[in-house]
Amino acid sequence: MKNFRIESAIIAAGLLLAGIFIYMGFCTFADRDRSVQVKGFSERIVEADKVTWPIRYKSIGEDLSALYAEQNNAKTKIIAFLTRNGIPQKDITVSAPNVTDYATQDYKPENIHARFSIDITITISTAKVKLVRQLSYRMNELLKMGVTINNNNAYDNTITYSFNSLDKIKPAMIEASTKNAREAAEKFAKDSGSKLGKIKSATQGYFSIDDRDQFTPWKKVVRVVTSVDYYLKN
(Lines give C-alpha, C1' and ligand atoms only; values in the text may rest on other atoms or scores of the structure.)
Protein backbone atom coordinates (compact mmCIF):
# COMPACT_ATOMS: atom_id res chain seq x y z
CA MET A 1 0.00 0.00 0.00
CA LYS A 2 2.87 2.24 0.85
CA ASN A 3 4.48 1.68 -2.54
CA PHE A 4 1.19 2.50 -4.28
CA ARG A 5 1.03 5.87 -2.51
CA ILE A 6 4.60 6.70 -3.56
CA GLU A 7 3.84 5.80 -7.17
CA SER A 8 0.65 7.93 -7.07
CA ALA A 9 2.64 10.83 -5.69
CA ILE A 10 5.23 10.47 -8.43
CA ILE A 11 2.54 10.37 -11.12
CA ALA A 12 0.81 13.42 -9.66
CA ALA A 13 4.09 15.32 -9.54
CA GLY A 14 4.78 14.34 -13.13
CA LEU A 15 1.39 15.55 -14.27
CA LEU A 16 1.92 18.82 -12.43
CA LEU A 17 5.30 19.36 -14.05
CA ALA A 18 3.87 18.47 -17.43
CA GLY A 19 1.12 21.03 -16.95
CA ILE A 20 3.67 23.67 -16.00
CA PHE A 21 5.79 22.90 -19.04
CA ILE A 22 2.74 22.99 -21.31
CA TYR A 23 1.69 26.34 -19.84
CA MET A 24 5.19 27.77 -20.30
CA GLY A 25 5.20 26.49 -23.85
CA PHE A 26 1.95 28.27 -24.57
CA CYS A 27 3.34 31.46 -23.06
CA THR A 28 6.49 31.17 -25.16
CA PHE A 29 4.44 30.56 -28.28
CA ALA A 30 2.27 33.56 -27.51
CA ASP A 31 5.33 35.76 -27.00
CA ARG A 32 6.80 34.57 -30.28
CA ASP A 33 3.57 35.35 -32.05
CA ARG A 34 3.68 38.97 -30.89
CA SER A 35 5.86 41.22 -33.00
CA VAL A 36 6.14 44.75 -34.32
CA GLN A 37 7.34 45.92 -37.72
CA VAL A 38 9.15 49.23 -37.90
CA LYS A 39 11.04 51.14 -40.56
CA GLY A 40 14.41 52.78 -40.09
CA PHE A 41 15.63 55.67 -42.21
CA SER A 42 19.08 56.98 -43.03
CA GLU A 43 20.02 59.96 -45.19
CA ARG A 44 23.33 61.49 -46.20
CA ILE A 45 24.33 64.41 -48.43
CA VAL A 46 27.39 63.70 -50.57
CA GLU A 47 29.36 65.42 -53.31
CA ALA A 48 29.22 63.98 -56.82
CA ASP A 49 32.40 62.10 -57.75
CA LYS A 50 31.80 61.89 -61.51
CA VAL A 51 30.79 64.51 -64.07
CA THR A 52 29.88 64.28 -67.74
CA TRP A 53 30.07 67.44 -69.83
CA PRO A 54 29.16 67.42 -73.55
CA ILE A 55 30.40 70.37 -75.60
CA ARG A 56 28.72 70.61 -78.99
CA TYR A 57 30.18 72.59 -81.87
CA LYS A 58 28.23 73.19 -85.08
CA SER A 59 29.30 74.66 -88.42
CA ILE A 60 26.99 75.76 -91.27
CA GLY A 61 27.97 76.61 -94.84
CA GLU A 62 27.97 75.80 -98.53
CA ASP A 63 31.47 74.35 -98.83
CA LEU A 64 31.75 70.95 -97.17
CA SER A 65 35.56 70.89 -97.28
CA ALA A 66 35.75 74.28 -95.59
CA LEU A 67 33.34 73.12 -92.91
CA TYR A 68 35.50 70.07 -92.14
CA ALA A 69 38.54 72.33 -91.79
CA GLU A 70 36.61 74.65 -89.47
CA GLN A 71 35.49 71.68 -87.36
CA ASN A 72 39.04 70.37 -86.99
CA ASN A 73 40.28 73.82 -86.01
CA ALA A 74 37.53 74.23 -83.39
CA LYS A 75 38.10 70.72 -82.03
CA THR A 76 41.83 71.40 -81.60
CA LYS A 77 41.18 74.65 -79.74
CA ILE A 78 38.55 73.14 -77.43
CA ILE A 79 40.71 70.16 -76.50
CA ALA A 80 43.73 72.44 -75.96
CA PHE A 81 41.62 74.65 -73.68
CA LEU A 82 40.51 71.63 -71.64
CA THR A 83 43.90 69.93 -71.30
CA ARG A 84 45.68 73.22 -70.60
CA ASN A 85 43.36 73.73 -67.65
CA GLY A 86 43.79 70.30 -66.09
CA ILE A 87 41.42 67.90 -67.86
CA PRO A 88 43.33 64.69 -68.72
CA GLN A 89 43.34 63.69 -72.39
CA LYS A 90 42.02 60.24 -71.42
CA ASP A 91 38.86 61.88 -70.03
CA ILE A 92 38.01 63.48 -73.39
CA THR A 93 36.23 61.76 -76.27
CA VAL A 94 35.22 63.21 -79.63
CA SER A 95 32.23 62.01 -81.62
CA ALA A 96 32.36 61.41 -85.34
CA PRO A 97 31.20 64.44 -87.37
CA ASN A 98 27.47 64.46 -88.04
CA VAL A 99 26.83 65.88 -91.51
CA THR A 100 23.44 67.13 -92.67
CA ASP A 101 22.70 68.01 -96.31
CA TYR A 102 19.56 70.13 -96.21
CA ALA A 103 19.13 69.74 -99.97
CA THR A 104 18.12 66.15 -99.33
CA GLN A 105 15.88 66.89 -96.34
CA ASP A 106 12.10 67.19 -96.47
CA TYR A 107 12.26 69.83 -93.76
CA LYS A 108 14.74 72.66 -93.32
CA PRO A 109 14.74 74.87 -90.20
CA GLU A 110 13.91 78.51 -90.90
CA ASN A 111 17.13 79.71 -89.29
CA ILE A 112 19.31 77.59 -91.62
CA HIS A 113 20.32 79.49 -94.78
CA ALA A 114 23.02 77.14 -96.07
CA ARG A 115 23.14 73.71 -97.59
CA PHE A 116 25.36 71.84 -95.13
CA SER A 117 25.82 71.62 -91.39
CA ILE A 118 28.39 69.62 -89.45
CA ASP A 119 28.39 69.14 -85.73
CA ILE A 120 30.65 67.27 -83.33
CA THR A 121 30.35 66.65 -79.61
CA ILE A 122 33.39 66.69 -77.37
CA THR A 123 32.51 64.87 -74.15
CA ILE A 124 34.39 65.19 -70.89
CA SER A 125 33.80 62.34 -68.45
CA THR A 126 35.96 62.77 -65.38
CA ALA A 127 36.24 62.65 -61.60
CA LYS A 128 37.43 66.27 -61.57
CA VAL A 129 34.01 67.61 -60.66
CA LYS A 130 35.05 70.95 -59.18
CA LEU A 131 37.37 71.67 -62.11
CA VAL A 132 34.61 71.08 -64.66
CA ARG A 133 32.31 73.38 -62.75
CA GLN A 134 34.97 76.11 -62.86
CA LEU A 135 35.69 75.63 -66.57
CA SER A 136 32.01 75.68 -67.48
CA TYR A 137 31.92 79.33 -66.36
CA ARG A 138 34.92 80.19 -68.56
CA MET A 139 33.51 79.21 -71.96
CA ASN A 140 33.74 82.85 -73.06
CA GLU A 141 37.50 82.25 -73.37
CA LEU A 142 36.75 79.94 -76.30
CA LEU A 143 34.63 82.67 -77.86
CA LYS A 144 37.64 84.97 -77.76
CA MET A 145 39.54 82.28 -79.71
CA GLY A 146 36.86 82.25 -82.39
CA VAL A 147 35.02 79.13 -81.18
CA THR A 148 31.29 79.56 -80.71
CA ILE A 149 29.69 76.75 -78.71
CA ASN A 150 26.23 75.72 -79.84
CA ASN A 151 23.79 76.28 -76.97
CA ASN A 152 20.55 76.13 -78.93
CA ASN A 153 19.67 72.74 -77.47
CA ALA A 154 20.17 72.88 -73.71
CA TYR A 155 19.67 69.12 -73.42
CA ASP A 156 22.69 68.43 -75.65
CA ASN A 157 24.94 70.56 -73.44
CA THR A 158 23.67 69.64 -69.99
CA ILE A 159 26.34 68.81 -67.44
CA THR A 160 25.34 65.73 -65.45
CA TYR A 161 26.74 64.73 -62.08
CA SER A 162 26.72 61.28 -60.50
CA PHE A 163 27.82 59.57 -57.30
CA ASN A 164 29.51 56.21 -57.80
CA SER A 165 30.97 55.54 -54.34
CA LEU A 166 27.86 54.07 -52.73
CA ASP A 167 29.69 50.93 -51.57
CA LYS A 168 31.94 53.07 -49.36
CA ILE A 169 29.07 54.53 -47.34
CA LYS A 170 26.54 51.70 -47.59
CA PRO A 171 27.57 49.76 -44.40
CA ALA A 172 27.44 52.87 -42.20
CA MET A 173 24.08 53.94 -43.64
CA ILE A 174 22.55 50.49 -43.11
CA GLU A 175 23.81 50.54 -39.51
CA ALA A 176 22.27 53.98 -38.95
CA SER A 177 19.00 52.89 -40.53
CA THR A 178 18.83 49.75 -38.38
CA LYS A 179 19.56 51.79 -35.24
CA ASN A 180 16.78 54.19 -36.18
CA ALA A 181 14.38 51.25 -36.58
CA ARG A 182 15.32 49.82 -33.17
CA GLU A 183 14.70 53.18 -31.48
CA ALA A 184 11.20 53.25 -32.99
CA ALA A 185 10.55 49.65 -31.92
CA GLU A 186 11.74 50.32 -28.35
CA LYS A 187 9.35 53.27 -28.05
CA PHE A 188 6.47 51.15 -29.34
CA ALA A 189 7.28 48.36 -26.89
CA LYS A 190 7.47 50.80 -24.00
CA ASP A 191 4.17 52.46 -24.92
CA SER A 192 2.45 49.05 -25.19
CA GLY A 193 3.81 47.77 -21.89
CA SER A 194 6.03 45.19 -23.57
CA LYS A 195 9.70 44.46 -23.86
CA LEU A 196 11.60 44.34 -27.11
CA GLY A 197 12.90 40.93 -28.13
CA LYS A 198 15.17 39.69 -30.86
CA ILE A 199 14.88 40.48 -34.56
CA LYS A 200 12.33 38.27 -36.27
CA SER A 201 13.19 39.36 -39.79
CA ALA A 202 14.75 42.32 -41.57
CA THR A 203 14.61 43.70 -45.08
CA GLN A 204 16.98 46.28 -46.50
CA GLY A 205 15.24 48.70 -48.81
CA TYR A 206 16.86 50.01 -51.99
CA PHE A 207 19.22 52.96 -51.97
CA SER A 208 18.14 56.07 -53.84
CA ILE A 209 20.43 58.85 -55.07
CA ASP A 210 18.86 62.15 -56.09
CA ASP A 211 19.91 65.75 -56.66
CA ARG A 212 19.62 67.75 -53.47
CA ASP A 213 17.94 70.50 -55.51
CA GLN A 214 17.85 71.88 -59.03
CA PHE A 215 20.39 74.59 -58.26
CA THR A 216 23.23 72.38 -56.95
CA PRO A 217 23.04 69.13 -58.95
CA TRP A 218 26.58 68.19 -57.87
CA LYS A 219 25.24 67.67 -54.34
CA LYS A 220 23.42 64.35 -53.98
CA VAL A 221 21.07 63.00 -51.33
CA VAL A 222 21.53 59.29 -50.60
CA ARG A 223 18.64 57.58 -48.76
CA VAL A 224 17.85 54.07 -47.54
CA VAL A 225 14.88 52.62 -45.64
CA THR A 226 15.15 49.37 -43.66
CA SER A 227 12.17 47.30 -42.46
CA VAL A 228 12.71 45.26 -39.28
CA ASP A 229 10.35 42.88 -37.42
CA TYR A 230 11.02 42.53 -33.67
CA TYR A 231 9.53 40.02 -31.25
CA LEU A 232 7.68 41.50 -28.28
CA LYS A 233 7.86 40.02 -24.79
CA ASN A 234 5.61 40.51 -21.76
# chains A, B, ... in the order shown; residues from 1 in each chain; ligands from 1
call {"tool": "closest_atom_pairs", "arguments": {"of": "segment 101-170 of chain A", "to": "segment 53-69 of chain A", "cutoff": "6 Å", "atoms": "only C-alpha atoms", "output": "Markdown table"}}
result
| residue | atom | partner | partner_atom | distance |
| --- | --- | --- | --- | --- |
| A:Ala114 | CA | A:Gly61 | CA | 5.1 |
| A:Arg115 | CA | A:Glu62 | CA | 5.4 |
| A:Phe116 | CA | A:Gly61 | CA | 5.4 |
| A:Ser117 | CA | A:Ile60 | CA | 4.3 |
| A:Ile118 | CA | A:Ser59 | CA | 5.2 |
| A:Asp119 | CA | A:Lys58 | CA | 4.1 |
| A:Ile120 | CA | A:Tyr57 | CA | 5.5 |
| A:Thr121 | CA | A:Arg56 | CA | 4.3 |
| A:Ile122 | CA | A:Ile55 | CA | 5.1 |
| A:Thr123 | CA | A:Pro54 | CA | 4.2 |
| A:Ile124 | CA | A:Trp53 | CA | 5.0 |
| A:Ile149 | CA | A:Tyr57 | CA | 5.2 |
| A:Asn150 | CA | A:Tyr57 | CA | 5.4 |
| A:Asn157 | CA | A:Pro54 | CA | 5.3 |
| A:Ile159 | CA | A:Trp53 | CA | 4.6 |
call {"tool": "closest_residue", "arguments": {"among": "A:Lys128, A:Lys75, A:Arg182, A:Lys198", "to": "Leu232 of chain A", "atoms": "only C-alpha atoms"}}
result
A:Lys198
call {"tool": "residues_around", "arguments": {"residues": "segment 202-206 of chain A", "least_positions_apart": "4", "cutoff": "7 Å", "atoms": "only C-alpha atoms", "output": "PyMOL selection string"}}
result
chain A and resi 224-229
call {"tool": "write_last_selection", "arguments": {"atoms": "all heavy atoms", "output": "PDB file, in the first residue's frame"}}
result
ATOM      1  N   VAL A 224      18.176  55.495 -47.625  1.00  0.00           N
ATOM      2  CA  VAL A 224      17.853  54.075 -47.540  1.00  0.00           C
ATOM      3  C   VAL A 224      16.831  53.878 -46.426  1.00  0.00           C
ATOM      4  O   VAL A 224      16.864  54.570 -45.402  1.00  0.00           O
ATOM      5  CB  VAL A 224      19.105  53.207 -47.269  1.00  0.00           C
ATOM      6  CG1 VAL A 224      19.713  53.510 -45.909  1.00  0.00           C
ATOM      7  CG2 VAL A 224      18.771  51.720 -47.388  1.00  0.00           C
ATOM      8  N   VAL A 225      15.891  52.959 -46.644  1.00  0.00           N
ATOM      9  CA  VAL A 225      14.881  52.616 -45.645  1.00  0.00           C
ATOM     10  C   VAL A 225      14.992  51.124 -45.365  1.00  0.00           C
ATOM     11  O   VAL A 225      15.046  50.310 -46.282  1.00  0.00           O
ATOM     12  CB  VAL A 225      13.455  52.946 -46.137  1.00  0.00           C
ATOM     13  CG1 VAL A 225      12.422  52.495 -45.107  1.00  0.00           C
ATOM     14  CG2 VAL A 225      13.317  54.433 -46.410  1.00  0.00           C
ATOM     15  N   THR A 226      15.044  50.767 -44.080  1.00  0.00           N
ATOM     16  CA  THR A 226      15.154  49.373 -43.664  1.00  0.00           C
ATOM     17  C   THR A 226      13.911  48.974 -42.878  1.00  0.00           C
ATOM     18  O   THR A 226      13.473  49.714 -41.988  1.00  0.00           O
ATOM     19  CB  THR A 226      16.401  49.161 -42.783  1.00  0.00           C
ATOM     20  OG1 THR A 226      17.555  49.567 -43.511  1.00  0.00           O
ATOM     21  CG2 THR A 226      16.544  47.694 -42.390  1.00  0.00           C
ATOM     22  N   SER A 227      13.324  47.826 -43.203  1.00  0.00           N
ATOM     23  CA  SER A 227      12.171  47.297 -42.464  1.00  0.00           C
ATOM     24  C   SER A 227      12.641  46.166 -41.559  1.00  0.00           C
ATOM     25  O   SER A 227      13.314  45.246 -42.020  1.00  0.00           O
ATOM     26  CB  SER A 227      11.112  46.774 -43.431  1.00  0.00           C
ATOM     27  OG  SER A 227      10.598  47.814 -44.233  1.00  0.00           O
ATOM     28  N   VAL A 228      12.275  46.254 -40.268  1.00  0.00           N
ATOM     29  CA  VAL A 228      12.706  45.257 -39.283  1.00  0.00           C
ATOM     30  C   VAL A 228      11.510  44.792 -38.456  1.00  0.00           C
ATOM     31  O   VAL A 228      10.718  45.609 -37.995  1.00  0.00           O
ATOM     32  CB  VAL A 228      13.792  45.818 -38.345  1.00  0.00           C
ATOM     33  CG1 VAL A 228      14.332  44.709 -37.435  1.00  0.00           C
ATOM     34  CG2 VAL A 228      14.936  46.459 -39.140  1.00  0.00           C
ATOM     35  N   ASP A 229      11.367  43.467 -38.295  1.00  0.00           N
ATOM     36  CA  ASP A 229      10.353  42.879 -37.417  1.00  0.00           C
ATOM     37  C   ASP A 229      11.029  42.450 -36.120  1.00  0.00           C
ATOM     38  O   ASP A 229      12.029  41.703 -36.141  1.00  0.00           O
ATOM     39  CB  ASP A 229       9.715  41.638 -38.062  1.00  0.00           C
ATOM     40  CG  ASP A 229       8.650  42.009 -39.068  1.00  0.00           C
ATOM     41  OD1 ASP A 229       8.289  43.206 -39.119  1.00  0.00           O
ATOM     42  OD2 ASP A 229       8.189  41.131 -39.811  1.00  0.00           O
TER      43      ASP A 229
END
call {"tool": "closest_residue", "arguments": {"among": "A:Ile87, A:Met139, A:Ile45, A:Arg223", "to": "Lys170 of chain A", "atoms": "only C-alpha atoms"}}
result
A:Arg223
call {"tool": "select_by_dssp", "arguments": {"residues": "chain A", "states": "strand (DSSP E or B)", "output": "PyMOL selection string"}}
result
chain A and resi 35-47+50-61+92-94+98-101+116-126+160-162+195-204+208-211+219-233
call {"tool": "closest_residue", "arguments": {"among": "A:Ala172, A:Ile112, A:Val94, A:Leu166", "to": "Val222 of chain A", "atoms": "only C-alpha atoms"}}
result
A:Leu166
call {"tool": "closest_residue", "arguments": {"among": "A:Lys233, A:Arg34, A:Val147, A:Asn72", "to": "Lys190 of chain A", "atoms": "only C-alpha atoms"}}
result
A:Lys233
call {"tool": "residues_around", "arguments": {"residues": "Lys144 of chain A", "least_positions_apart": "6", "cutoff": "12 Å", "atoms": "only C-alpha atoms", "output": "PyMOL selection string"}}
result
chain A and resi 77-78+81+138
call {"tool": "residues_around", "arguments": {"residues": "Asn164 of chain A", "least_positions_apart": "6", "cutoff": "8 Å", "atoms": "only C-alpha atoms", "output": "list in words"}}
result
Ala48, Asp49 and Lys50 of chain A
call {"tool": "select_by_dssp", "arguments": {"residues": "segment 75-204 of chain A", "states": "alpha helix (DSSP H)", "output": "number ranges by chain"}}
result
A: 75-84, 129-136, 140-144, 166-191
call {"tool": "closest_residue", "arguments": {"among": "A:Ser192, A:Ser162, A:Gln71, A:Thr100", "to": "Arg212 of chain A", "atoms": "only C-alpha atoms"}}
result
A:Ser162
